[in-house]
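See below for work_25.cif, which holds mmCIF, C-alpha atoms.
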data_input
loop_
_atom_site.label_atom_id
_atom_site.label_comp_id
_atom_site.auth_asym_id
_atom_site.auth_seq_id
_atom_site.Cartn_x
_atom_site.Cartn_y
_atom_site.Cartn_z
CA MET E 1 -6.78 -15.70 -24.55
CA THR E 2 -7.32 -16.50 -20.88
CA GLY E 3 -5.81 -19.95 -21.41
CA VAL E 4 -2.68 -18.38 -22.87
CA GLN E 5 -2.30 -16.16 -19.86
CA THR E 6 -2.66 -18.95 -17.34
CA CYS E 7 -0.74 -21.83 -18.94
CA ALA E 8 2.98 -21.95 -18.36
CA LEU E 9 5.74 -23.47 -20.43
CA PRO E 10 6.62 -27.04 -19.48
CA ILE E 11 9.74 -26.85 -17.32
CA SER E 12 12.69 -29.23 -17.38
CA LEU E 13 13.99 -29.94 -13.92
CA GLU E 14 17.55 -30.48 -15.11
CA ASP E 15 18.45 -26.88 -14.20
CA GLU E 16 18.19 -25.93 -10.53
CA GLY E 17 17.05 -22.40 -11.37
CA LEU E 18 14.09 -23.66 -13.36
CA LYS E 19 12.68 -25.52 -10.37
CA LEU E 20 11.45 -22.23 -8.95
CA MET E 21 9.30 -21.66 -12.03
CA LYS E 22 7.94 -25.20 -12.05
CA GLN E 23 5.36 -24.22 -9.46
CA HIS E 24 3.49 -22.11 -12.06
CA HIS E 25 3.34 -25.03 -14.47
CA ASP E 26 2.34 -27.46 -11.72
CA TRP E 27 -0.45 -25.22 -10.51
CA CYS E 28 -1.87 -24.85 -14.01
CA SER E 29 -1.56 -28.58 -14.65
CA ASN E 30 -3.25 -29.47 -11.37
CA HIS E 31 -6.10 -26.95 -11.73
CA PRO E 32 -7.27 -27.22 -15.35
CA GLU E 33 -10.84 -26.52 -14.26
CA ASP E 34 -9.80 -22.92 -13.60
CA HIS E 35 -8.76 -22.23 -17.17
CA MET E 36 -9.39 -25.16 -19.51
CA TYR E 37 -12.21 -27.37 -20.68
CA GLY E 38 -11.50 -30.83 -22.01
CA LYS E 39 -8.02 -31.68 -23.27
CA LYS E 40 -5.25 -29.48 -21.93
CA PRO E 41 -3.27 -28.14 -24.90
CA SER E 42 0.48 -27.69 -24.67
CA PHE E 43 1.96 -24.22 -24.38
CA ASP E 44 3.08 -24.37 -28.00
CA GLU E 45 -0.42 -25.41 -29.12
CA LEU E 46 -1.81 -22.37 -27.31
CA SER E 47 0.84 -20.09 -28.75
CA ILE E 48 -0.33 -20.54 -32.35
CA PRO E 49 -3.82 -19.06 -31.83
CA PHE E 50 -2.32 -16.41 -29.56
CA GLU E 51 0.14 -15.40 -32.28
CA ASN E 52 -2.79 -15.33 -34.75
CA LEU E 53 -4.72 -13.03 -32.42
CA LEU E 54 -1.83 -10.59 -32.52
CA SER E 55 -2.58 -9.87 -36.17
CA LEU E 56 -6.10 -8.62 -35.41
CA LYS E 57 -6.43 -4.88 -35.93
CA GLU E 58 -9.08 -4.69 -33.17
CA LEU E 59 -6.70 -6.23 -30.63
CA LYS E 60 -4.05 -3.65 -31.44
CA GLU E 61 -6.50 -0.84 -30.69
CA ILE E 62 -7.72 -1.88 -27.22
CA ASP E 63 -6.08 -1.35 -23.86
CA LEU E 64 -4.78 -4.70 -22.68
CA CYS E 65 -2.79 -5.93 -19.70
CA GLY E 66 -0.52 -8.93 -20.19
CA ALA E 67 -1.04 -10.41 -16.74
CA HIS E 68 1.93 -12.28 -15.30
CA LEU E 69 4.05 -11.10 -18.26
CA PHE E 70 1.77 -13.26 -20.47
CA ASN E 71 3.63 -16.15 -18.76
CA LEU E 72 6.55 -15.31 -21.03
CA GLY E 73 8.84 -13.91 -18.32
CA CYS E 74 11.78 -16.00 -19.48
CA ASP E 75 11.05 -15.71 -23.20
CA LEU E 76 11.98 -12.09 -23.78
CA ASP E 77 12.11 -12.51 -27.57
CA ARG E 78 8.47 -13.62 -27.77
CA LEU E 79 7.42 -11.11 -25.12
CA SER E 80 9.16 -8.26 -26.99
CA ARG E 81 7.45 -9.21 -30.25
CA THR E 82 4.09 -9.26 -28.49
CA MET E 83 4.68 -5.82 -26.94
CA ARG E 84 5.74 -4.32 -30.26
CA VAL E 85 2.66 -5.66 -32.01
CA LEU E 86 0.30 -4.44 -29.23
CA PRO E 87 1.06 -0.74 -28.68
CA ASN E 88 -1.70 -0.35 -26.06
CA CYS E 89 -0.57 -3.33 -24.00
CA VAL E 90 1.00 -3.05 -20.57
CA LEU E 91 2.57 -5.89 -18.61
CA ASP E 92 2.21 -6.66 -14.95
CA LEU E 93 4.96 -8.42 -13.06
CA ALA E 94 2.64 -10.34 -10.71
CA GLU E 95 4.69 -13.15 -9.22
CA ARG E 96 7.11 -13.21 -12.17
CA VAL E 97 9.99 -11.09 -10.87
CA VAL E 98 11.54 -14.38 -9.78
CA GLU E 99 11.77 -15.37 -13.45
CA TRP E 100 13.72 -12.19 -14.15
CA ILE E 101 15.99 -13.05 -11.22
CA TYR E 102 16.58 -16.36 -12.96
CA LEU E 103 17.47 -14.60 -16.23
CA VAL E 104 20.14 -12.61 -14.41
CA HIS E 105 21.39 -15.82 -12.79
CA VAL E 106 21.93 -17.42 -16.22
CA GLY E 107 23.77 -14.39 -17.60
CA LYS E 108 20.96 -12.60 -19.45
CA ALA E 109 21.00 -9.38 -17.40
CA ASN E 110 21.89 -7.22 -20.42
CA LEU E 111 19.05 -8.70 -22.48
CA LEU E 112 16.65 -8.11 -19.60
CA LEU E 113 17.87 -4.53 -19.11
CA SER E 114 17.35 -3.84 -22.81
CA PHE E 115 13.82 -5.20 -22.59
CA ILE E 116 13.03 -3.06 -19.53
CA GLU E 117 14.55 0.02 -21.15
CA GLU E 118 12.43 -0.42 -24.26
CA PHE E 119 9.16 -1.08 -22.41
CA GLN E 120 9.65 0.82 -19.14
CA ASP E 121 6.56 2.96 -19.82
CA ARG E 122 4.42 -0.19 -20.07
CA ILE E 123 5.51 -2.32 -17.11
CA LEU E 124 3.46 -2.37 -13.89
CA TYR E 125 4.64 -3.78 -10.58
CA GLY E 126 2.12 -5.99 -8.89
CA THR E 127 1.73 -9.21 -7.04
CA ASP E 128 -1.08 -11.63 -6.49
CA HIS E 129 -0.97 -12.55 -2.85
CA PHE E 130 -4.12 -14.22 -1.63
CA LEU E 131 -5.55 -15.23 1.69
CA ASN E 132 -4.49 -18.67 2.83
CA HIS E 133 -7.02 -20.26 5.13
CA GLY E 134 -5.63 -20.40 8.63
CA VAL E 135 -2.72 -18.01 8.01
CA PRO E 136 -3.01 -14.88 10.16
CA PHE E 137 -3.24 -11.51 8.38
CA LYS E 138 -0.11 -10.37 10.21
CA THR E 139 1.87 -13.28 8.76
CA LEU E 140 0.53 -12.60 5.26
CA GLY E 141 1.41 -8.93 5.62
CA GLU E 142 4.94 -9.76 6.73
CA ARG E 143 5.40 -12.10 3.75
CA TYR E 144 4.16 -9.42 1.36
CA VAL E 145 6.50 -6.78 2.80
CA ARG E 146 9.49 -9.17 2.57
CA GLN E 147 8.63 -9.97 -1.05
CA LEU E 148 8.19 -6.31 -1.95
CA GLU E 149 11.51 -5.42 -0.32
CA THR E 150 13.34 -8.24 -2.12
CA GLU E 151 11.86 -7.44 -5.51
CA ALA E 152 12.39 -3.70 -5.12
CA ARG E 153 16.04 -4.32 -4.18
CA PHE E 154 16.45 -6.57 -7.21
CA LEU E 155 14.95 -4.05 -9.60
CA LEU E 156 16.31 -0.81 -8.10
CA THR E 157 19.74 -1.59 -6.64
CA GLY E 158 22.93 -3.34 -7.62
CA ASP E 159 22.94 -5.27 -4.33
CA LEU E 160 23.28 -9.02 -4.16
CA ILE E 161 19.84 -10.37 -3.36
CA SER E 162 18.36 -13.71 -2.40
CA HIS E 163 14.84 -14.77 -3.22
CA PRO E 164 13.05 -17.27 -0.96
CA LYS E 165 12.21 -19.45 -4.01
CA PHE E 166 15.71 -19.29 -5.43
CA ASN E 167 18.83 -20.94 -3.99
CA SER E 168 21.35 -18.47 -5.36
CA GLN E 169 22.19 -14.80 -4.94
CA VAL E 170 22.13 -12.52 -7.95
CA LYS E 171 23.12 -8.92 -8.50
CA GLY E 172 20.23 -6.49 -8.72
CA LEU E 173 19.50 -4.66 -11.97
CA GLY E 174 20.07 -1.16 -10.58
CA LEU E 175 17.32 0.48 -12.65
CA SER E 176 17.35 4.28 -12.68
CA GLU E 177 15.17 6.19 -10.25
CA GLY E 178 12.98 7.36 -13.13
CA CYS E 179 12.48 3.86 -14.49
CA GLY E 180 11.72 2.54 -11.01
CA ALA E 181 9.16 5.29 -10.40
CA LYS E 182 7.38 4.30 -13.62
CA ILE E 183 7.28 0.58 -12.81
CA PHE E 184 6.28 1.02 -9.16
CA GLY E 185 3.57 3.62 -9.64
CA GLU E 186 3.51 6.13 -12.48
CA ASN E 187 2.59 3.60 -15.17
CA ALA E 188 -0.28 2.21 -13.07
CA LYS E 189 -1.62 5.72 -12.41
CA ARG E 190 -1.52 6.54 -16.11
CA TYR E 191 -2.88 3.19 -17.30
CA LEU E 192 -5.56 2.75 -14.65
CA ARG E 193 -6.50 6.45 -14.74
#
Let me see whether you can do it: turn the structure in this file into structure tokens.
Amino acid sequence: MTGVQTCALPISLEDEGLKLMKQHHDWCSNHPEDHMYGKKPSFDELSIPFENLLSLKELKEIDLCGAHLFNLGCDLDRLSRTMRVLPNCVLDLAERVVEWIYLVHVGKANLLLSFIEEFQDRILYGTDHFLNHGVPFKTLGERYVRQLETEARFLLTGDLISHPKFNSQVKGLGLSEGCGAKIFGENAKRYLR
């Protein structure tokens, strides 16, 4: 299952908005030693065994976190099916809020809002910043705060926002205060105990 979580869908560069997500695919493709052995299967090849795993009774009974939205941030149909099948699964948004910004950009805000409404008790906010050699802690901290502010504005307000990896402004989702409190803290407290 680790391979499923770390392999991203192949991205077509025909659409400007998809370029921002290409970095996930490129990283996985360029670092197969971190998650694969031998031949690198395609995303669809990995999806078949993953879908088969979803039928296991034992998997449905354990607590599970779909890291990085299971790398299905732009495939809300598949992600919704997975969440419905796995009642003890939570999702973390680590570095995938930008994919939701893209969904709003392409006119899927209502679909995204429906997804969030349905699973708001099982979504955790998080990021996966790491130390870059030679980058001062102060600079890393400033980057993290800017990202948190941008993503919080996108999720919690109706403001127009820009993302540093995205060349277009989109309107924020304007989630309710209660939903925002769940995503930014309450769910993690409950899940992580």
Pick the closest to E:Met83 from E:Ile62, E:Ile101, E:Leu54, E:Ile48: which is it, counting only C-alpha atoms?
E:Leu54
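Straight-line separation from atom CA of E:Gly180 to atom CA of E:Asn167: 25.5 Å.
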Apply the PyMOL selection byres ((chain E and resi 69-72) around 6) to the structure shown and report the selected residues as a PDB file with C-alpha atoms, keeping the file's coordinate frame.
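Listing of out.pdb after writing:
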ATOM      1  CA  GLN E   5      -2.300 -16.160 -19.860  1.00  0.00           C
ATOM      2  CA  ALA E   8       2.980 -21.950 -18.360  1.00  0.00           C
ATOM      3  CA  GLY E  66      -0.520  -8.930 -20.190  1.00  0.00           C
ATOM      4  CA  ALA E  67      -1.040 -10.410 -16.740  1.00  0.00           C
ATOM      5  CA  HIS E  68       1.930 -12.280 -15.300  1.00  0.00           C
ATOM      6  CA  GLY E  73       8.840 -13.910 -18.320  1.00  0.00           C
ATOM      7  CA  CYS E  74      11.780 -16.000 -19.480  1.00  0.00           C
ATOM      8  CA  ASP E  75      11.050 -15.710 -23.200  1.00  0.00           C
ATOM      9  CA  LEU E  79       7.420 -11.110 -25.120  1.00  0.00           C
ATOM     10  CA  LEU E  91       2.570  -5.890 -18.610  1.00  0.00           C
ATOM     11  CA  ASP E  92       2.210  -6.660 -14.950  1.00  0.00           C
ATOM     12  CA  LEU E  93       4.960  -8.420 -13.060  1.00  0.00           C
TER      13      LEU E  93
END
One decimal place gives the atom CA of E:Pro164-atom CA of E:Val98 separation as 9.4 Å
Looking at only C-alpha atoms, which of E:Glu51, E:Glu142, E:Glu58, E:Asp77 is the one that sits closest to E:Leu112?
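Using only C-alpha atoms, E:Leu112 sits closest to E:Asp77.
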I need the residue set behind the PyMOL selection byres ((chain E and resi 153) around 12) for this file; please write it as a PyMOL selection string.
chain E and resi 97+101+146-152+154-163+170-175+180
Output check: residues returned by the PyMOL selection byres ((chain E and resi 114-121) around 10), as a ChimeraX atom specification:
/E:76-77,79-80,83-84,90-91,109-113,122-124,175-176,178-183,186-188,190-191
Would you mind telling me which residue in E:Pro136, E:Lys189, E:Asp128, E:Cys89 lies nearest to E:Leu64 when using all atoms listed in the file?
E:Cys89
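What separates atom CA of E:Leu59 from atom CA of E:Glu99 is a distance of 26.8 Å.
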Starting from 6 Å padding per side, set up an axis-aligned box that covers all listed atoms of stretch 181-184 of chain E and hand over centre and edge lengths in Å, one decimal, as AutoDock Vina command-line options.
--center_x 7.7 --center_y 2.9 --center_z -11.4 --size_x 14.9 --size_y 16.7 --size_z 16.5
Identify which of the residues E:Lys108, E:His133, E:Arg96, E:Lys60 lies closest to E:Lys165, counting only C-alpha atoms when measuring atom-to-atom distances.
E:Arg96
